[in-house]
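Chemist: What follows is the file entry04.txt, containing compact mmCIF, C-alpha atoms and all ligand atoms:
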# COMPACT_ATOMS: atom_id res chain seq x y z
CA MET V 1 59.15 115.29 58.98
CA ILE V 2 56.09 116.62 57.21
CA ALA V 3 52.45 117.05 58.20
CA TYR V 4 49.96 114.35 57.25
CA GLN V 5 46.21 113.99 57.51
CA ARG V 6 45.38 111.28 60.06
CA PRO V 7 43.52 108.40 58.37
CA GLN V 8 39.85 108.33 59.18
CA ALA V 9 38.99 105.88 61.96
CA PRO V 10 37.00 102.87 60.73
CA PRO V 11 33.31 102.82 61.67
CA GLU V 12 33.80 100.41 64.58
CA PHE V 13 35.77 103.13 66.41
CA SER V 14 32.75 105.40 66.52
CA ARG V 15 29.91 102.89 66.65
CA ASN V 16 28.53 101.99 70.04
CA PRO V 17 27.35 99.34 70.64
CA THR V 18 28.84 97.38 67.77
CA LYS V 19 28.76 93.84 66.49
CA ASP V 20 32.21 94.11 64.95
CA LYS V 21 34.26 91.10 66.09
CA LEU V 22 37.58 92.90 66.15
CA TRP V 23 36.08 95.79 68.08
CA LYS V 24 34.71 93.38 70.69
CA LYS V 25 38.22 92.00 71.18
CA ILE V 26 39.55 95.52 71.60
CA GLU V 27 36.89 96.31 74.19
CA LYS V 28 37.64 93.09 76.08
CA THR V 29 41.37 93.95 76.19
CA ARG V 30 40.57 97.48 77.33
CA ASP V 31 38.46 96.10 80.18
CA ASP V 32 41.19 93.64 81.19
CA ILE V 33 43.80 96.39 81.22
CA ARG V 34 41.60 98.66 83.33
CA ILE V 35 41.11 95.87 85.88
CA ALA V 36 44.87 95.18 85.97
CA VAL V 37 45.74 98.80 86.76
CA ASP V 38 46.04 99.50 90.48
CA TYR V 39 47.58 102.84 91.45
CA GLN V 40 47.23 102.13 95.19
CA SER V 41 49.49 99.11 95.17
CA ASN V 42 51.57 100.22 92.17
CA GLN V 43 50.47 97.31 89.98
CA TYR V 44 50.28 97.85 86.26
CA PRO V 45 49.87 95.61 83.21
CA GLU V 46 52.96 94.35 81.41
CA SER V 47 53.65 95.08 77.77
CA LYS V 48 52.56 91.53 76.84
CA ASP V 49 49.11 92.19 78.39
CA PHE V 50 48.33 94.69 75.64
CA SER V 51 47.11 92.42 72.86
CA ASP V 52 48.12 93.62 69.43
CA HIS V 53 44.89 94.72 67.74
CA TRP V 54 46.54 97.73 66.09
CA THR V 55 48.38 95.81 63.35
CA ASN V 56 44.99 95.16 61.75
CA TYR V 57 44.90 98.85 60.91
CA LYS V 58 48.53 99.32 59.90
CA HIS V 59 47.76 99.57 56.17
CA LEU V 60 45.61 102.67 56.78
CA PHE V 61 48.48 104.50 58.46
CA GLU V 62 50.94 103.34 55.80
CA GLU V 63 48.74 104.82 53.10
CA ALA V 64 48.20 108.09 54.96
CA GLN V 65 51.93 108.60 55.55
CA GLY V 66 53.07 109.19 51.98
CA ARG V 67 52.27 105.59 51.03
CA GLY V 68 54.61 103.87 53.43
CA LYS V 69 57.01 106.36 55.02
CA CYS V 70 58.16 106.39 58.63
CA ILE V 71 56.32 109.16 60.50
CA TYR V 72 59.52 110.32 62.21
CA CYS V 73 62.48 109.90 59.83
CA GLU V 74 60.59 109.91 56.48
CA SER V 75 62.44 106.85 55.18
CA ARG V 76 60.41 104.64 52.89
CA ILE V 77 59.68 101.42 54.79
CA THR V 78 57.31 99.29 52.82
CA GLY V 79 59.61 97.95 50.10
CA SER V 80 62.04 96.26 52.46
CA ALA V 81 60.43 95.97 55.91
CA TYR V 82 57.03 95.74 57.53
CA GLY V 83 57.25 98.72 59.87
CA ALA V 84 55.04 98.91 62.94
CA VAL V 85 52.10 100.75 64.40
CA GLU V 86 53.76 102.81 67.07
CA HIS V 87 52.14 104.30 70.17
CA TYR V 88 52.91 108.02 70.27
CA ARG V 89 52.34 108.04 74.02
CA PRO V 90 53.91 104.79 75.31
CA LYS V 91 51.31 102.32 76.56
CA ALA V 92 53.19 100.15 79.07
CA GLY V 93 55.92 102.27 80.65
CA LEU V 94 58.08 105.39 80.47
CA THR V 95 61.82 105.81 80.10
CA LYS V 96 64.30 108.63 80.52
CA PHE V 97 67.93 108.22 79.45
CA MET V 98 70.85 109.99 81.10
CA ASN V 99 72.95 110.31 77.93
CA ARG V 100 72.32 111.00 74.25
CA GLY V 101 73.62 107.69 73.01
CA ASN V 102 75.89 106.82 70.13
CA ARG V 103 74.79 108.40 66.83
CA ASP V 104 77.34 106.45 64.77
CA ASP V 105 75.43 103.43 63.47
CA LEU V 106 77.40 102.95 60.24
CA ARG V 107 78.49 99.51 61.43
CA ASN V 108 75.06 98.90 62.97
CA GLN V 109 76.22 99.96 66.43
CA LEU V 110 73.44 100.40 68.96
CA PRO V 111 72.76 103.72 70.75
CA LYS V 112 74.12 102.37 74.09
CA ARG V 113 72.25 104.76 76.37
CA LYS V 114 72.09 104.52 80.15
CA PHE V 115 68.73 104.60 81.88
CA LEU V 116 68.16 107.52 84.22
CA LYS V 117 64.67 106.34 85.11
CA GLN V 118 62.30 103.77 83.78
CA GLY V 119 59.12 102.30 85.10
CA LYS V 120 55.35 102.14 85.01
CA PRO V 121 52.72 103.09 84.23
CA GLY V 122 52.66 104.40 80.71
CA TYR V 123 49.60 105.93 79.08
CA TRP V 124 47.77 102.59 79.32
CA TRP V 125 44.33 104.10 78.63
CA LEU V 126 45.53 105.29 75.20
CA ALA V 127 46.76 101.88 73.99
CA TYR V 128 43.72 101.48 71.71
CA ASP V 129 43.09 105.15 71.01
CA TRP V 130 43.06 105.82 67.26
CA ASN V 131 44.68 109.22 67.84
CA ASN V 132 47.65 107.62 69.60
CA TRP V 133 48.72 105.45 66.66
CA LEU V 134 51.37 106.20 64.05
CA TYR V 135 53.31 104.12 61.53
CA SER V 136 57.05 104.01 62.13
CA CYS V 137 60.26 102.29 61.04
CA ASP V 138 61.94 99.82 63.33
CA ARG V 139 64.97 102.06 63.96
CA CYS V 140 62.98 105.13 65.04
CA ASN V 141 60.50 103.10 67.04
CA SER V 142 62.33 100.20 68.67
CA THR V 143 66.00 101.18 68.56
CA TRP V 144 65.59 104.86 69.48
CA LYS V 145 62.25 106.07 70.82
CA GLY V 146 61.17 103.08 72.88
CA ASN V 147 59.20 104.34 75.88
CA GLN V 148 60.45 107.92 75.85
CA PHE V 149 57.87 110.69 75.93
CA PRO V 150 59.17 114.08 77.08
CA VAL V 151 56.52 116.62 78.05
CA ILE V 152 56.16 119.97 79.77
CA LYS V 153 53.61 119.97 82.55
CA GLN V 154 52.80 123.08 84.60
CA GLY V 155 55.88 124.77 83.17
CA GLU V 156 58.23 121.97 84.23
CA HIS V 157 59.90 119.28 82.19
CA MET V 158 58.36 115.99 83.22
CA PRO V 159 59.93 113.54 80.87
CA MET V 160 59.13 110.54 83.06
CA PHE V 161 56.99 109.14 85.78
CA SER V 162 58.27 110.68 88.98
CA THR V 163 57.41 111.26 92.58
CA HIS V 164 55.55 114.40 91.45
CA TRP V 165 53.64 112.81 88.62
CA THR V 166 52.28 109.42 87.70
CA PRO V 167 50.40 109.29 84.40
CA ALA V 168 46.71 108.74 85.02
CA GLU V 169 43.68 108.99 82.75
CA GLY V 170 43.37 112.49 81.35
CA ALA V 171 47.06 113.35 81.92
CA GLU V 172 47.41 113.97 78.21
CA ARG V 173 45.09 116.97 78.46
CA GLN V 174 47.31 118.74 80.99
CA GLU V 175 50.67 118.40 79.32
CA LYS V 176 52.52 119.74 76.31
CA PRO V 177 54.33 116.99 74.40
CA LEU V 178 57.85 117.80 73.24
CA LEU V 179 57.86 114.95 70.71
CA LEU V 180 56.33 116.23 67.48
CA ASN V 181 53.36 114.34 66.05
CA PRO V 182 52.88 115.17 62.33
CA PHE V 183 49.18 114.27 62.57
CA ASN V 184 48.68 117.02 65.17
CA THR V 185 51.30 119.65 64.35
CA ASN V 186 53.05 120.85 61.21
CA PRO V 187 56.63 119.82 62.04
CA SER V 188 58.28 121.84 59.23
CA PRO V 189 58.97 125.03 61.27
CA HIS V 190 60.79 122.98 63.91
CA PHE V 191 63.73 121.79 61.77
CA ARG V 192 66.22 122.97 59.24
CA PHE V 193 68.53 120.92 57.04
CA ASP V 194 71.83 121.55 55.30
CA GLU V 195 72.86 120.51 51.81
CA VAL V 196 74.66 117.39 53.05
CA GLY V 197 71.66 115.93 54.87
CA ASN V 198 72.24 117.11 58.45
CA ILE V 199 69.17 117.96 60.52
CA LEU V 200 69.20 120.83 63.00
CA PRO V 201 66.49 121.88 65.49
CA LYS V 202 64.76 125.26 65.38
CA SER V 203 62.72 124.78 68.55
CA MET V 204 62.60 122.85 71.82
CA GLU V 205 60.21 120.36 70.19
CA GLY V 206 62.52 119.95 67.20
CA TRP V 207 65.49 119.32 69.46
CA GLN V 208 63.64 116.80 71.63
CA THR V 209 62.28 114.97 68.58
CA ILE V 210 65.79 114.62 67.10
CA GLU V 211 67.04 113.34 70.46
CA VAL V 212 64.22 110.88 71.11
CA CYS V 213 64.12 109.37 67.61
CA GLY V 214 67.83 109.65 66.81
CA LEU V 215 67.10 111.65 63.65
CA ASP V 216 70.76 112.68 63.41
CA ARG V 217 72.05 109.08 63.34
CA LYS V 218 74.74 108.64 60.71
CA LYS V 219 73.05 106.10 58.44
CA LEU V 220 70.03 108.34 58.17
CA VAL V 221 72.20 111.39 57.42
CA ARG V 222 73.92 109.34 54.70
CA GLU V 223 70.54 108.45 53.16
CA ARG V 224 69.42 112.07 53.31
CA PHE V 225 72.70 113.16 51.70
CA LEU V 226 71.78 111.26 48.51
CA VAL V 227 68.43 113.03 48.28
CA ALA V 228 69.93 116.41 49.27
CA SER V 229 72.46 116.07 46.44
CA ALA V 230 69.68 115.48 43.93
CA ILE V 231 67.76 118.50 45.22
CA MET V 232 70.80 120.77 45.13
CA ARG V 233 71.56 119.70 41.54
CA GLN V 234 68.01 120.60 40.49
CA ILE V 235 68.11 123.90 42.37
CA ASP V 236 71.35 124.80 40.54
CA ALA V 237 69.76 123.83 37.22
CA TYR V 238 66.70 125.92 38.03
CA ILE V 239 68.75 129.00 38.98
CA ILE V 240 70.88 128.77 35.80
CA ALA V 241 67.81 128.23 33.60
CA ALA V 242 66.01 131.18 35.22
CA SER V 243 68.99 133.50 34.78
CA ASP V 244 69.31 132.41 31.12
CA ASN V 245 65.53 132.93 30.61
CA HIS V 246 65.35 129.35 29.38
CA LEU V 247 61.71 128.67 30.19
CA GLU V 248 61.59 125.00 29.19
CA LEU V 249 64.64 124.07 31.30
CA GLU V 250 63.25 126.12 34.19
CA LYS V 251 59.96 124.23 34.04
CA ALA V 252 61.74 120.89 33.83
CA SER V 253 63.78 121.67 36.96
CA LEU V 254 60.71 122.84 38.88
CA LYS V 255 58.91 119.63 37.92
CA GLU V 256 61.80 117.54 39.25
CA LEU V 257 61.91 119.61 42.44
CA LEU V 258 58.18 119.18 42.94
CA ALA V 259 58.52 115.40 42.66
CA LEU V 260 61.23 115.42 45.36
CA CYS V 261 58.98 117.46 47.68
CA LYS V 262 55.74 115.48 47.41
CA ASP V 263 54.31 113.66 50.43
CA SER V 264 55.29 110.28 49.00
CA ALA V 265 58.96 111.26 48.45
CA SER V 266 61.52 110.15 51.04
CA PHE V 267 62.79 113.05 53.14
CA ALA V 268 60.29 115.49 51.62
CA GLY V 269 60.60 117.70 54.73
CA MET V 270 64.29 118.22 53.96
CA ALA V 271 63.54 118.78 50.26
CA ARG V 272 61.01 121.52 51.06
CA ASP V 273 63.40 123.19 53.50
CA LEU V 274 66.28 123.21 50.98
CA LEU V 275 63.93 124.48 48.28
CA LYS V 276 62.97 127.39 50.49
CA GLY V 277 66.49 128.06 51.70
CA TYR V 278 68.37 127.85 48.41
CA ALA V 279 65.76 128.70 45.74
CA GLU V 280 63.38 130.86 47.81
CA LEU V 281 60.49 128.74 46.60
CA ASP V 282 57.65 127.25 48.62
CA TYR V 283 56.43 123.71 48.00
CA VAL V 284 52.84 124.98 47.86
CA ASP V 285 53.81 127.41 45.08
CA LEU V 286 55.07 124.47 43.02
CA LEU V 287 51.81 122.64 43.70
CA HIS V 288 49.90 125.65 42.37
CA LEU V 289 52.07 125.78 39.24
CA GLU V 290 51.32 122.09 38.66
CA LYS V 291 47.61 122.60 39.27
CA ASP V 292 47.56 125.44 36.72
CA GLY V 293 49.35 123.24 34.18
CA LEU V 294 52.42 125.51 34.15
CA ILE V 295 54.89 122.76 35.04
ZN ZN V 301 62.08 106.09 60.99
What is this structure when it is put down as structure tokens?
Modeler:
Amino acid sequence: MIAYQRPQAPPEFSRNPTKDKLWKKIEKTRDDIRIAVDYQSNQYPESKDFSDHWTNYKHLFEEAQGRGKCIYCESRITGSAYGAVEHYRPKAGLTKFMNRGNRDDLRNQLPKRKFLKQGKPGYWWLAYDWNNWLYSCDRCNSTWKGNQFPVIKQGEHMPMFSTHWTPAEGAERQEKPLLLNPFNTNPSPHFRFDEVGNILPKSMEGWQTIEVCGLDRKKLVRERFLVASAIMRQIDAYIIAASDNHLELEKASLKELLALCKDSASFAGMARDLLKGYAELDYVDLLHLEKDGLI
């Protein structure tokens, strides 16, 4: 995971009133949802009641996330799949699982988790909120995250609707999410990686994010292993070149390392962490060297 700049909301999101046709449809859906919500009698809209207006904006999130990478796992999506606009805070319900689920997906096995609690409502009022949208791969979004959204509220873990707490408008201002959102927080300090592609948490948020999105699933570790191997080879080449005072080879290695760390590179978060851990170099230092024409 790496930090990204959230794409700027199109003008219709800030204009009021507006003649934009799509925006009018969004407003109509918002009104319908609001009418359908009834906390007194426990009636809430179904997932199908939330018309999909977000896919119209998917390309903006794709572009902002390293030109087509999943916000959570950093796999490149766009060449082989469509990916989806994902709701950071679930719109139509909330789920808590009682077990971690199966991480071995090498034969496409499913997580097979048991529900501890699931139900309604979700954060229905944020369904069309620009700041609640992200672009994600199918595995992270549909197979793993689903309607999970662990938070801390008033010092307690409230990972679900409960008898103490039912999400209502404004709830998001009184809680601390445990799922990292790279548009809001720099996720880098929350994880570390090893040279064979394993991901390990460095914080409560890091741990919860790995759990919720299945970031330690085996196929993903195998993909990261390929990139980790390339990084480790370049780090070795850099260290040998530096110790031999071979400036040209040193520059060439740093240039390769920089390419593996850029926003558009798959698993750039891991690349930057390995670079720091094994070569004691910061990604931003490499950017400066490039800017100054030194690599
Ligand atoms: Zn993903």
Chemist: Please extract the residues at most 12 Å from ligand ZN 301 (chain V), counting only C-alpha atoms and all ligand atoms, and provide them as number ranges by chain, using the chain letters and residue numbers of this document.
Modeler: V: 1, 65, 68-78, 81, 83-86, 134-145, 209-210, 212-217, 219-221, 223, 266-267
Chemist: Have a look at V:Ser80, V:Asn56, V:Asn99, V:Ser188 and name the one nearest to Pro201 (chain V); count only C-alpha atoms.
Modeler: V:Ser188
Chemist: Contacts of region 247-257 of chain V at 10 Å or less, counting only C-alpha atoms, minus same-chain residues fewer than 3 places along, as a list of chain:residue names?
Modeler: V:Ala230, V:Ile231, V:Met232, V:Arg233, V:Gln234, V:Ile235, V:Asp236, V:Ala237, V:Tyr238, V:Ile239, V:Ile240, V:Ala241, V:Ala242, V:Ser243, V:Asp244, V:Leu260, V:Cys261, V:Lys262, V:Ala271, V:Arg272, V:Leu275, V:Leu281, V:Tyr283, V:Leu286, V:Leu287, V:Leu289, V:Glu290, V:Leu294, V:Ile295
Chemist: At most 9 Å from (73.8, 102.8, 79.9), file frame, all atoms listed in the file: which residues, as a PDB file with C-alpha atoms, in the coordinates of the input?
Modeler:
ATOM      1  CA  PHE V  97      67.930 108.220  79.450  1.00  0.00           C
ATOM      2  CA  MET V  98      70.850 109.990  81.100  1.00  0.00           C
ATOM      3  CA  ASN V  99      72.950 110.310  77.930  1.00  0.00           C
ATOM      4  CA  GLY V 101      73.620 107.690  73.010  1.00  0.00           C
ATOM      5  CA  LYS V 112      74.120 102.370  74.090  1.00  0.00           C
ATOM      6  CA  ARG V 113      72.250 104.760  76.370  1.00  0.00           C
ATOM      7  CA  LYS V 114      72.090 104.520  80.150  1.00  0.00           C
ATOM      8  CA  PHE V 115      68.730 104.600  81.880  1.00  0.00           C
ATOM      9  CA  LEU V 116      68.160 107.520  84.220  1.00  0.00           C
TER      10      LEU V 116
END
Chemist: For CA of Ser47 (chain V) and CA of Glu172 (chain V), quote the distance in Å rounded to one decimal.
Modeler: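 For CA of Ser47 (chain V) relative to CA of Glu172 (chain V), the distance reads 19.9 Å.
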Chemist: Take CA of Ser51 (chain V) and CA of Glu27 (chain V) and report the distance between them in Å, one decimal.
Modeler: 11.0 Å
Chemist: What separation in Å, quoted to one decimal, exists between CA of Gly206 (chain V) and CA of Lys58 (chain V)?
Modeler: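 One can read the CA of Gly206 (chain V) to CA of Lys58 (chain V) distance as 26.0 Å.
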Chemist: Using only C-alpha atoms, which of V:Leu274, V:Ala127, V:Ala9, V:Leu110 sits nearest Ala64 (chain V)?
Modeler: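 Using only C-alpha atoms, Ala64 (chain V) sits closest to V:Ala9.
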Chemist: Counting only C-alpha atoms, I want the residues whose atoms come within 10 Å of (50.8, 103.2, 91.6) in the file frame, returned as a PDB file with C-alpha atoms, keeping the file's coordinate frame.
Modeler:
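Written out: selection.pdb:
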ATOM      1  CA  VAL V  37      45.740  98.800  86.760  1.00  0.00           C
ATOM      2  CA  ASP V  38      46.040  99.500  90.480  1.00  0.00           C
ATOM      3  CA  TYR V  39      47.580 102.840  91.450  1.00  0.00           C
ATOM      4  CA  GLN V  40      47.230 102.130  95.190  1.00  0.00           C
ATOM      5  CA  SER V  41      49.490  99.110  95.170  1.00  0.00           C
ATOM      6  CA  ASN V  42      51.570 100.220  92.170  1.00  0.00           C
ATOM      7  CA  GLN V  43      50.470  97.310  89.980  1.00  0.00           C
ATOM      8  CA  TYR V  44      50.280  97.850  86.260  1.00  0.00           C
ATOM      9  CA  LYS V 120      55.350 102.140  85.010  1.00  0.00           C
ATOM     10  CA  PRO V 121      52.720 103.090  84.230  1.00  0.00           C
ATOM     11  CA  THR V 166      52.280 109.420  87.700  1.00  0.00           C
ATOM     12  CA  PRO V 167      50.400 109.290  84.400  1.00  0.00           C
ATOM     13  CA  ALA V 168      46.710 108.740  85.020  1.00  0.00           C
TER      14      ALA V 168
END
Chemist: Can you tell me, as a list of chain:residue names, what residues are no more than 9 Å from Asn132 (chain V) when counting only C-alpha atoms, ignoring any on the same chain fewer than 4 positions away?
Modeler: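 Listed by chain and then number, they are V:Glu86, V:His87, V:Tyr88, V:Arg89, V:Pro90, V:Leu126, V:Ala127, V:Tyr128.
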Chemist: Just want the 9 Å neighbourhood of Asp194 (chain V), counted on only C-alpha atoms, with same-chain residues fewer than 6 positions away dropped. Output as a list in words.
Modeler: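 Residues meeting the cut-off are Leu200, Ala228, Met270, Asp273 and Leu274 of chain V.
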Chemist: Since we have the selection now, will you write its residues out, keeping C-alpha atoms, as an mmCIF file, in the frame of the given file?
Modeler:
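Final output, result_1.cif:
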data_model
loop_
_atom_site.group_PDB
_atom_site.id
_atom_site.type_symbol
_atom_site.label_atom_id
_atom_site.label_comp_id
_atom_site.auth_asym_id
_atom_site.auth_seq_id
_atom_site.Cartn_x
_atom_site.Cartn_y
_atom_site.Cartn_z
ATOM 1 C CA LEU V 200 69.200 120.830 63.000
ATOM 2 C CA ALA V 228 69.930 116.410 49.270
ATOM 3 C CA MET V 270 64.290 118.220 53.960
ATOM 4 C CA ASP V 273 63.400 123.190 53.500
ATOM 5 C CA LEU V 274 66.280 123.210 50.980
#
Chemist: Determine the axis-aligned bounding box of all atoms of region 36-54 of chain V present in the file, pad each side by 3 Å, and express its centre and edge lengths in Å to one decimal place as JSON.
Modeler:
{"center_x": 49.3, "center_y": 97.2, "center_z": 80.6, "size_x": 14.8, "size_y": 17.3, "size_z": 35.1}
Chemist: Quick one: of V:Leu22, V:Asp49, V:Arg100, V:Ser264, who's nearest to Ile35 (chain V), counting only C-alpha atoms?
Modeler: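 Result for the nearest residue to Ile35 (chain V): V:Asp49.
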Chemist: Looking at all atoms listed in the file, which of V:Phe50, V:Phe191, V:Phe149, V:Tyr57 is the one that sits closest to Lys176 (chain V)?
Modeler: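 Counting all atoms listed in the file, the residue closest to Lys176 (chain V) is V:Phe149.
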